[in-house]
Amino acid sequence: MPATFSRRGLLAFGLLGGALVVGVRIPLRSARAAGPAPLMPNGFIRIDPQGAITFIMPDTEFGQGIYTSAGMLIAEELEVGLDQVAFEAAPPDTGQYHTAMRAYVSPLLGEQATGGSTSIRGDWKRLRQAGAQVRTMLIAAAARQWHVDPATCHADRAEVIGPDGRRASYGSLVEAAAAQPVPDDVPLKPASQFKLIGHRQPRVDTPAKVDGSLQFGIDVRLPDMKIGTVLACPVIGGRLRSVDEEAAKRVPGVRDVVRLDDAVAVIGDHFWAAKQGLAALDPQWDEGPHAGLQIADIVHAQAEASDREPEVIAKEEGDARAAIKGAAKTVSAAYQMPFLSHAPMEPVNATLHVRSDGADLWVGTQVPVRARNTVAQVTGLPPEKVQVHNYLMGGAFGRRLDVDYITQAAAIAKQVPYPVKIVWTREEDIQRDLLRPYYYDRLSGGLDGQGRITGWTHHGTGSSVMARWQPKGMQKDGKLDPDTVEGATETPYGIPAMRVGFTRVEPPGITTAWWRGVGATHNVFMVESFMDELAAAAGKDPVAFRRDMIGDNARARAVLDLAAEKSGWGQKLPAGVGRGVSLQLSFGSFLAHVLEVEVTSRGEVHLRRAVVAVDCGTAVQPDGVVAQIEGGLIFGLSAALYNEITVQDGRIQQSNFNNYRVLRIDEAPRIEVHMIRNDEGPGGIGETGTVAAAPALVNAIYAATGKRLRRLPIGNQLVGA
Amino acid sequence: MLTLSINGTSHQVDVPDDMPLLWVLRDVIGLTGTKFGCGIAQCGACTVHLDGQAVRSCVLPASLAQGRDVKTIEAMAQDPVGQKVQRAWLDLEVVQCGYCQSGQIMSATALLTTTPKPNDADIDAAMAGNICRCGTYVRIREAIKRAGEA
Ligand code: FES
Ligand code: FES
């Protein structure tokens with residue numbers, strides 16, 4: 001039970017610091033032969049007669065603090081403190097558990113998955129309802145025992161308290177509560193009565209993360225386990241021809257060499273043996289059809305497509321093209337965003353033990369059902385014979401919404417009799433990553449005599465992730481991937497005539513994937529870069545220009561005004577220093593960002609200060625909102641400044657943090673986050689900071705230098721320019 | 001056979017001389033708090049103390065750690081400075097995914113042991129080798145200062 005722990009520092013791991021017991025899994029139904037069963041009327045809460053309270057988390061934790069904030073939703077209504085609770089990852093649930101309702105399916109994503117900044121929005125009602133349901137049953141049970149009206153009782157910190165002050169612990173009421181009817185639609189607390197929601201709570205997952213005791217998937221150790229590492233063909237889509245197996249086996253500690261179609265794995269007593277064995281293999285490859293693939297050809301294909309009529313129109317309002325033609329001034333621009341890797345701090349890994357009668361998978365995944373199913377498919381076992389032990393993840397950023405590395409590990413594990421942990425090197429992690437798509441977009445706009453926008457066209461091009469990952473999410477007869485136009489069709493502005501289209505261009509051989517805010521990072525960069533260009537063409541201040549175009553969107557205006565005020569927008573700045581602004585409505589949250597940069601005479605960009613104003617409605621865990629925005633900004637600024645994946649002769653050219661550079665502490669700006677608090681429903685937050693990073697950065701560079709950069713990353717575009 | 005002193009305990013390990021200390025810790029001895037992030041001294045996830053100095057265990061041959069005092073994250077709760085750092089990390093909620101944080105805490109503890117009141121430049125110099133993909137840098141800086149005041 002690796003992912004069970006509590007804030008009390010009382011770590012409930014299977015065997016702390018030692019081997020886990022094979023085959024043990026989180027019991028959803030009580031496996032105990034004797035004694036009363038735990039109370040578990042819904043899929044999210046389990047209370048056992050000894051009083052242990054466990055929350056079963058439908059969302060997976062990879063740094064966003066979701067165990068804490070989703071836990072707060074349950075705890076608020078259940079009337080317990082987070083310090084009284086242990087947490088477990090929900091198992092893959094396709095209806096076979098007692099819930100039989102697929103309780104862990106995300107209401108927003110339509111499957112058991114964590115992504116798209118949807119967790120809190122999806123949990124907001126269902127988890128509070130789950131807590132209220134169990135509390136109602138416990139109070140009813142106590143009231144019955146005491147022969148009093150339930151309405152005269154209340155609950156607090158895992159106890160029911162009667163009218164005369166009598167108390168009964170939740171544990172003592174388990175058996176009686178289980179006999180109570182399970183109520184539906186219990187009224188929920190009004191915001192004015194929240195004790196936890198909106199108040200900073202200590203994170204539940206962090207004590208075990210500061211003393212090294214928390215086990216990530218990569219830390220799994222099992223009796224008789226061996227460790228392997230993999231090398232796939234360096235050319236995308238190539239096949240393995242031959243290896244010098246004997247050379248690898250001469251390396252001390254190497255146990256087995258396992259060949260796959262497109263890769264080879266070496267398994268040893270430890271990672272070092274496996275890695276040394278791999279280095280000795282001298283694999284020969286059939287390079288396959290993509291050996292001549294170049295990044296320039298991919299970009300060229302998209303540039304050409306962007307000049308044609310869009311394949312699908314996502315939004316047509318008014319006659320944008322006529323409005324632009326008749327405008328006093330017109331502006332057109334093309335922007336490019338590169339392929340990106342995820343490079344989560346914990347390289348991808350999976351541990352499997354495949355037997356004839358079943359398999360166990362120890363892994364960190366955002367999609368436990370997909371993880372289970374791919375193991376079933378590869379091994380030929382029925383899915384219910386595959387146990388998934390899901391771990392907290394050392395970052396995910398969408399990487400762990402795919403299961404390619406689990407599929408591969410299963411193909412290796414089924415060829416060996418022992419449990420095997422497959423760990424990718426960082427080189428493999430970057431070179432065999434599934435990539436955030438390349439985007440090449442063209443925008444045109446018209447301005448009237450007063451410098452207001454009259455018409456707007458936006459034609460994006462690139463790969464569709466949705467078409468591969470969840471084809472049923474496609475719209476317009478399968479032609480439109482809504483993610484490709486997210487943030488392009490709905491902007492914070494009131495633009496009278498708009499035409500937004502997309503053309504799907506799939507790069508040969510490359511598999512594209514989700515990333516931190518795929519659609520929104522893409523389109524907010526396009527829209528907010530172009531807004532700045534229009535402001536310049538209109539001769540207006542970028543904040544004033546946006547403010548003019550906001551129309552009656554009060555929440556958008558409020559964050560823009562707050563960010564401008566807190567950043568000191570309009571102040572005179574030293575030479576070489578500039579401020580850029582961006583405004584967004586993403587994932588149901590409003591956010592404005594003012595970034596101040598200095599561009600040195602050598603063309604280096606220094607990030608000085610970031611000021612963010614955010615309105616995400618109800619902030620369940622306010623400090624978590626701030627942390628996500630800080631981290632999201634850094635993630636987005638890393639990418640915007642440095643990151644791109646390029647292809648030469650079918651080979652990915654980046655391989656590790658030396659050539660896929662990420663921002664370091666000495667390069668990070670000061671960050672201030674200002675929140676507008678209200679009782680609106682909660683918006684998503686995990687990806688918003690990342691979305692806000694790149695547009696404010698290019699706009700700040702323009703303010704500092706007068707140079708408009710339309711291609712990411714910034715790289716050395718300013719050096720010697 | 002190498003003899004290594006790790007967190008005050010002596011371990012005999014039968015590994016190749018050039019095997020990096022990281023893999024001895026994680027895969028042989030079972031101290032998994034020290035993390036693998038890059039393997040080429042770029043990320044700092046594998047940071048441990050060698051005679052009190054922060055070093056990258058992914059590139060340190062285990063044989064070179066013989067006769068020296070190796071400390072890992074698992075020993076920081078017993079280290080007076082390490083304790084303060086862990087406390088500050090929790091108080092300021094530095095941690096997100098947590099995967100880099102063993103290394104961050106080892107680097108920060110080494111810094112604060114030699115420089116109890118570090119300024120921004122000291123922090124930059126000591127911590128720039130530790131990548132955090134979750135972007136917790138703002139809070140790491142604050143927490144180091146907080147731990148220095150404690
Ligand atoms: S793993 Fe050693 S520095 Fe990255
Ligand atoms: S907390 Fe996730 S990498 Fe630092």
# chains A, B, ... in the order shown; residues from 1 in each chain; ligands from 1
>>> residues_near_ligand(ligand="ligand 2", cutoff="8 Å", atoms="only C-alpha atoms and all ligand atoms", output="PyMOL selection string")
(chain A and resi 62-63+344-346+394-395) or (chain B and resi 94-101+131-136)
>>> residues_around(residues="Ile550 (chain A)", least_positions_apart="5", cutoff="8 Å", atoms="only C-alpha atoms", output="VMD selection string")
chain A and resid 492 to 494 556 to 557
>>> write_last_selection(atoms="C-alpha atoms", output="mmCIF file, in the first residue's frame")
data_model
loop_
_atom_site.group_PDB
_atom_site.id
_atom_site.type_symbol
_atom_site.label_atom_id
_atom_site.label_comp_id
_atom_site.auth_asym_id
_atom_site.auth_seq_id
_atom_site.Cartn_x
_atom_site.Cartn_y
_atom_site.Cartn_z
ATOM 1 C CA PRO A 492 -11.441 37.599 -22.780
ATOM 2 C CA TYR A 493 -12.228 40.160 -25.494
ATOM 3 C CA GLY A 494 -15.306 41.332 -27.313
ATOM 4 C CA ALA A 556 -11.294 39.804 -16.806
ATOM 5 C CA ARG A 557 -11.069 43.545 -16.267
#
>>> interface_residues(of="chain A", to="chain B", cutoff="6 Å", atoms="only C-alpha atoms", output="PyMOL selection string")
chain A and resi 62-63+209-212+219+270+345+394-395+426+631+634+664-666
>>> closest_residue(among="A:Ala413, A:Ser589, A:Thr425, A:Pro471", to="ligand 1", atoms="only C-alpha atoms and all ligand atoms")
A:Thr425
>>> residues_around(residues="region 562-577 of chain A", least_positions_apart="5", cutoff="10 Å", atoms="only C-alpha atoms", output="ChimeraX atom specification")
/A:541,543-544,557,582-583,591-601,603,605-614,672-676,700-706
>>> residues_around(residues="Arg499 (chain A)", least_positions_apart="3", cutoff="7 Å", atoms="only C-alpha atoms", output="list in words")
Lys315, Glu316, Glu317, Ala320, Trp456, Thr457 and His458 of chain A
>>> decode(residues="region 23-36 of chain B", atoms="all heavy atoms", output="PDB file, in the first residue's frame")
ATOM      1  N   TRP B  23      23.855   4.511  -7.213  1.00  0.00           N
ATOM      2  CA  TRP B  23      23.224   3.191  -7.431  1.00  0.00           C
ATOM      3  C   TRP B  23      23.537   2.240  -6.290  1.00  0.00           C
ATOM      4  O   TRP B  23      22.767   1.333  -6.010  1.00  0.00           O
ATOM      5  CB  TRP B  23      23.627   2.640  -8.798  1.00  0.00           C
ATOM      6  CG  TRP B  23      23.231   3.615  -9.870  1.00  0.00           C
ATOM      7  CD1 TRP B  23      24.052   4.358 -10.654  1.00  0.00           C
ATOM      8  CD2 TRP B  23      21.895   4.013 -10.210  1.00  0.00           C
ATOM      9  NE1 TRP B  23      23.322   5.192 -11.476  1.00  0.00           N
ATOM     10  CE2 TRP B  23      21.999   4.996 -11.226  1.00  0.00           C
ATOM     11  CE3 TRP B  23      20.625   3.634  -9.754  1.00  0.00           C
ATOM     12  CZ2 TRP B  23      20.873   5.600 -11.795  1.00  0.00           C
ATOM     13  CZ3 TRP B  23      19.509   4.243 -10.324  1.00  0.00           C
ATOM     14  CH2 TRP B  23      19.640   5.211 -11.336  1.00  0.00           C
ATOM     15  N   VAL B  24      24.668   2.467  -5.637  1.00  0.00           N
ATOM     16  CA  VAL B  24      24.966   1.664  -4.446  1.00  0.00           C
ATOM     17  C   VAL B  24      23.934   1.994  -3.366  1.00  0.00           C
ATOM     18  O   VAL B  24      23.362   1.110  -2.727  1.00  0.00           O
ATOM     19  CB  VAL B  24      26.398   1.943  -3.948  1.00  0.00           C
ATOM     20  CG1 VAL B  24      26.674   1.128  -2.682  1.00  0.00           C
ATOM     21  CG2 VAL B  24      27.419   1.627  -5.030  1.00  0.00           C
ATOM     22  N   LEU B  25      23.689   3.284  -3.189  1.00  0.00           N
ATOM     23  CA  LEU B  25      22.716   3.707  -2.179  1.00  0.00           C
ATOM     24  C   LEU B  25      21.335   3.149  -2.496  1.00  0.00           C
ATOM     25  O   LEU B  25      20.682   2.539  -1.649  1.00  0.00           O
ATOM     26  CB  LEU B  25      22.637   5.236  -2.114  1.00  0.00           C
ATOM     27  CG  LEU B  25      23.870   5.967  -1.593  1.00  0.00           C
ATOM     28  CD1 LEU B  25      23.697   7.481  -1.798  1.00  0.00           C
ATOM     29  CD2 LEU B  25      24.099   5.653  -0.112  1.00  0.00           C
ATOM     30  N   ARG B  26      20.887   3.367  -3.723  1.00  0.00           N
ATOM     31  CA  ARG B  26      19.494   3.058  -4.077  1.00  0.00           C
ATOM     32  C   ARG B  26      19.250   1.564  -4.280  1.00  0.00           C
ATOM     33  O   ARG B  26      18.292   1.009  -3.757  1.00  0.00           O
ATOM     34  CB  ARG B  26      19.106   3.793  -5.380  1.00  0.00           C
ATOM     35  CG  ARG B  26      18.964   5.296  -5.215  1.00  0.00           C
ATOM     36  CD  ARG B  26      18.552   5.946  -6.537  1.00  0.00           C
ATOM     37  NE  ARG B  26      17.358   5.313  -7.091  1.00  0.00           N
ATOM     38  CZ  ARG B  26      16.115   5.562  -6.705  1.00  0.00           C
ATOM     39  NH1 ARG B  26      15.898   6.464  -5.776  1.00  0.00           N
ATOM     40  NH2 ARG B  26      15.097   4.928  -7.262  1.00  0.00           N
ATOM     41  N   ASP B  27      20.104   0.947  -5.072  1.00  0.00           N
ATOM     42  CA  ASP B  27      19.784  -0.412  -5.532  1.00  0.00           C
ATOM     43  C   ASP B  27      20.458  -1.497  -4.697  1.00  0.00           C
ATOM     44  O   ASP B  27      20.025  -2.643  -4.728  1.00  0.00           O
ATOM     45  CB  ASP B  27      20.217  -0.588  -6.999  1.00  0.00           C
ATOM     46  CG  ASP B  27      19.362   0.236  -7.947  1.00  0.00           C
ATOM     47  OD1 ASP B  27      18.353   0.807  -7.482  1.00  0.00           O
ATOM     48  OD2 ASP B  27      19.709   0.328  -9.140  1.00  0.00           O
ATOM     49  N   VAL B  28      21.538  -1.159  -3.997  1.00  0.00           N
ATOM     50  CA  VAL B  28      22.221  -2.189  -3.213  1.00  0.00           C
ATOM     51  C   VAL B  28      21.848  -2.061  -1.735  1.00  0.00           C
ATOM     52  O   VAL B  28      21.406  -3.013  -1.102  1.00  0.00           O
ATOM     53  CB  VAL B  28      23.756  -2.113  -3.422  1.00  0.00           C
ATOM     54  CG1 VAL B  28      24.451  -3.194  -2.596  1.00  0.00           C
ATOM     55  CG2 VAL B  28      24.093  -2.260  -4.911  1.00  0.00           C
ATOM     56  N   ILE B  29      22.000  -0.850  -1.194  1.00  0.00           N
ATOM     57  CA  ILE B  29      21.726  -0.666   0.237  1.00  0.00           C
ATOM     58  C   ILE B  29      20.234  -0.423   0.500  1.00  0.00           C
ATOM     59  O   ILE B  29      19.724  -0.747   1.564  1.00  0.00           O
ATOM     60  CB  ILE B  29      22.604   0.485   0.791  1.00  0.00           C
ATOM     61  CG1 ILE B  29      24.074   0.063   0.695  1.00  0.00           C
ATOM     62  CG2 ILE B  29      22.237   0.841   2.222  1.00  0.00           C
ATOM     63  CD1 ILE B  29      25.067   1.143   1.022  1.00  0.00           C
ATOM     64  N   GLY B  30      19.540   0.164  -0.493  1.00  0.00           N
ATOM     65  CA  GLY B  30      18.098   0.361  -0.336  1.00  0.00           C
ATOM     66  C   GLY B  30      17.717   1.702   0.253  1.00  0.00           C
ATOM     67  O   GLY B  30      16.597   1.879   0.748  1.00  0.00           O
ATOM     68  N   LEU B  31      18.632   2.655   0.198  1.00  0.00           N
ATOM     69  CA  LEU B  31      18.297   4.024   0.642  1.00  0.00           C
ATOM     70  C   LEU B  31      17.801   4.781  -0.585  1.00  0.00           C
ATOM     71  O   LEU B  31      18.576   5.348  -1.347  1.00  0.00           O
ATOM     72  CB  LEU B  31      19.524   4.698   1.243  1.00  0.00           C
ATOM     73  CG  LEU B  31      19.969   4.154   2.604  1.00  0.00           C
ATOM     74  CD1 LEU B  31      21.330   4.730   2.994  1.00  0.00           C
ATOM     75  CD2 LEU B  31      18.932   4.473   3.681  1.00  0.00           C
ATOM     76  N   THR B  32      16.478   4.787  -0.773  1.00  0.00           N
ATOM     77  CA  THR B  32      15.926   5.332  -2.016  1.00  0.00           C
ATOM     78  C   THR B  32      15.569   6.812  -1.924  1.00  0.00           C
ATOM     79  O   THR B  32      15.040   7.372  -2.883  1.00  0.00           O
ATOM     80  CB  THR B  32      14.674   4.544  -2.440  1.00  0.00           C
ATOM     81  OG1 THR B  32      13.756   4.534  -1.334  1.00  0.00           O
ATOM     82  CG2 THR B  32      15.019   3.114  -2.815  1.00  0.00           C
ATOM     83  N   GLY B  33      15.870   7.448  -0.793  1.00  0.00           N
ATOM     84  CA  GLY B  33      15.588   8.879  -0.688  1.00  0.00           C
ATOM     85  C   GLY B  33      16.449   9.704  -1.631  1.00  0.00           C
ATOM     86  O   GLY B  33      16.054  10.791  -2.057  1.00  0.00           O
ATOM     87  N   THR B  34      17.614   9.218  -1.970  1.00  0.00           N
ATOM     88  CA  THR B  34      18.495   9.896  -2.923  1.00  0.00           C
ATOM     89  C   THR B  34      18.025   9.531  -4.331  1.00  0.00           C
ATOM     90  O   THR B  34      17.857   8.362  -4.644  1.00  0.00           O
ATOM     91  CB  THR B  34      19.954   9.440  -2.708  1.00  0.00           C
ATOM     92  OG1 THR B  34      20.294   9.663  -1.339  1.00  0.00           O
ATOM     93  CG2 THR B  34      20.906  10.223  -3.600  1.00  0.00           C
ATOM     94  N   LYS B  35      17.785  10.548  -5.164  1.00  0.00           N
ATOM     95  CA  LYS B  35      17.068  10.310  -6.418  1.00  0.00           C
ATOM     96  C   LYS B  35      17.965  10.357  -7.644  1.00  0.00           C
ATOM     97  O   LYS B  35      18.992  11.037  -7.670  1.00  0.00           O
ATOM     98  CB  LYS B  35      15.963  11.357  -6.591  1.00  0.00           C
ATOM     99  CG  LYS B  35      14.927  11.371  -5.472  1.00  0.00           C
ATOM    100  CD  LYS B  35      14.235  10.053  -5.271  1.00  0.00           C
ATOM    101  CE  LYS B  35      13.124  10.150  -4.245  1.00  0.00           C
ATOM    102  NZ  LYS B  35      12.786   8.843  -3.673  1.00  0.00           N
ATOM    103  N   PHE B  36      17.484   9.676  -8.679  1.00  0.00           N
ATOM    104  CA  PHE B  36      18.107   9.724 -10.003  1.00  0.00           C
ATOM    105  C   PHE B  36      17.318  10.699 -10.868  1.00  0.00           C
ATOM    106  O   PHE B  36      16.109  10.557 -11.012  1.00  0.00           O
ATOM    107  CB  PHE B  36      18.074   8.320 -10.620  1.00  0.00           C
ATOM    108  CG  PHE B  36      18.357   8.290 -12.095  1.00  0.00           C
ATOM    109  CD1 PHE B  36      19.526   8.838 -12.617  1.00  0.00           C
ATOM    110  CD2 PHE B  36      17.453   7.704 -12.989  1.00  0.00           C
ATOM    111  CE1 PHE B  36      19.789   8.803 -13.984  1.00  0.00           C
ATOM    112  CE2 PHE B  36      17.714   7.660 -14.356  1.00  0.00           C
ATOM    113  CZ  PHE B  36      18.884   8.207 -14.854  1.00  0.00           C
TER     114      PHE B  36
END
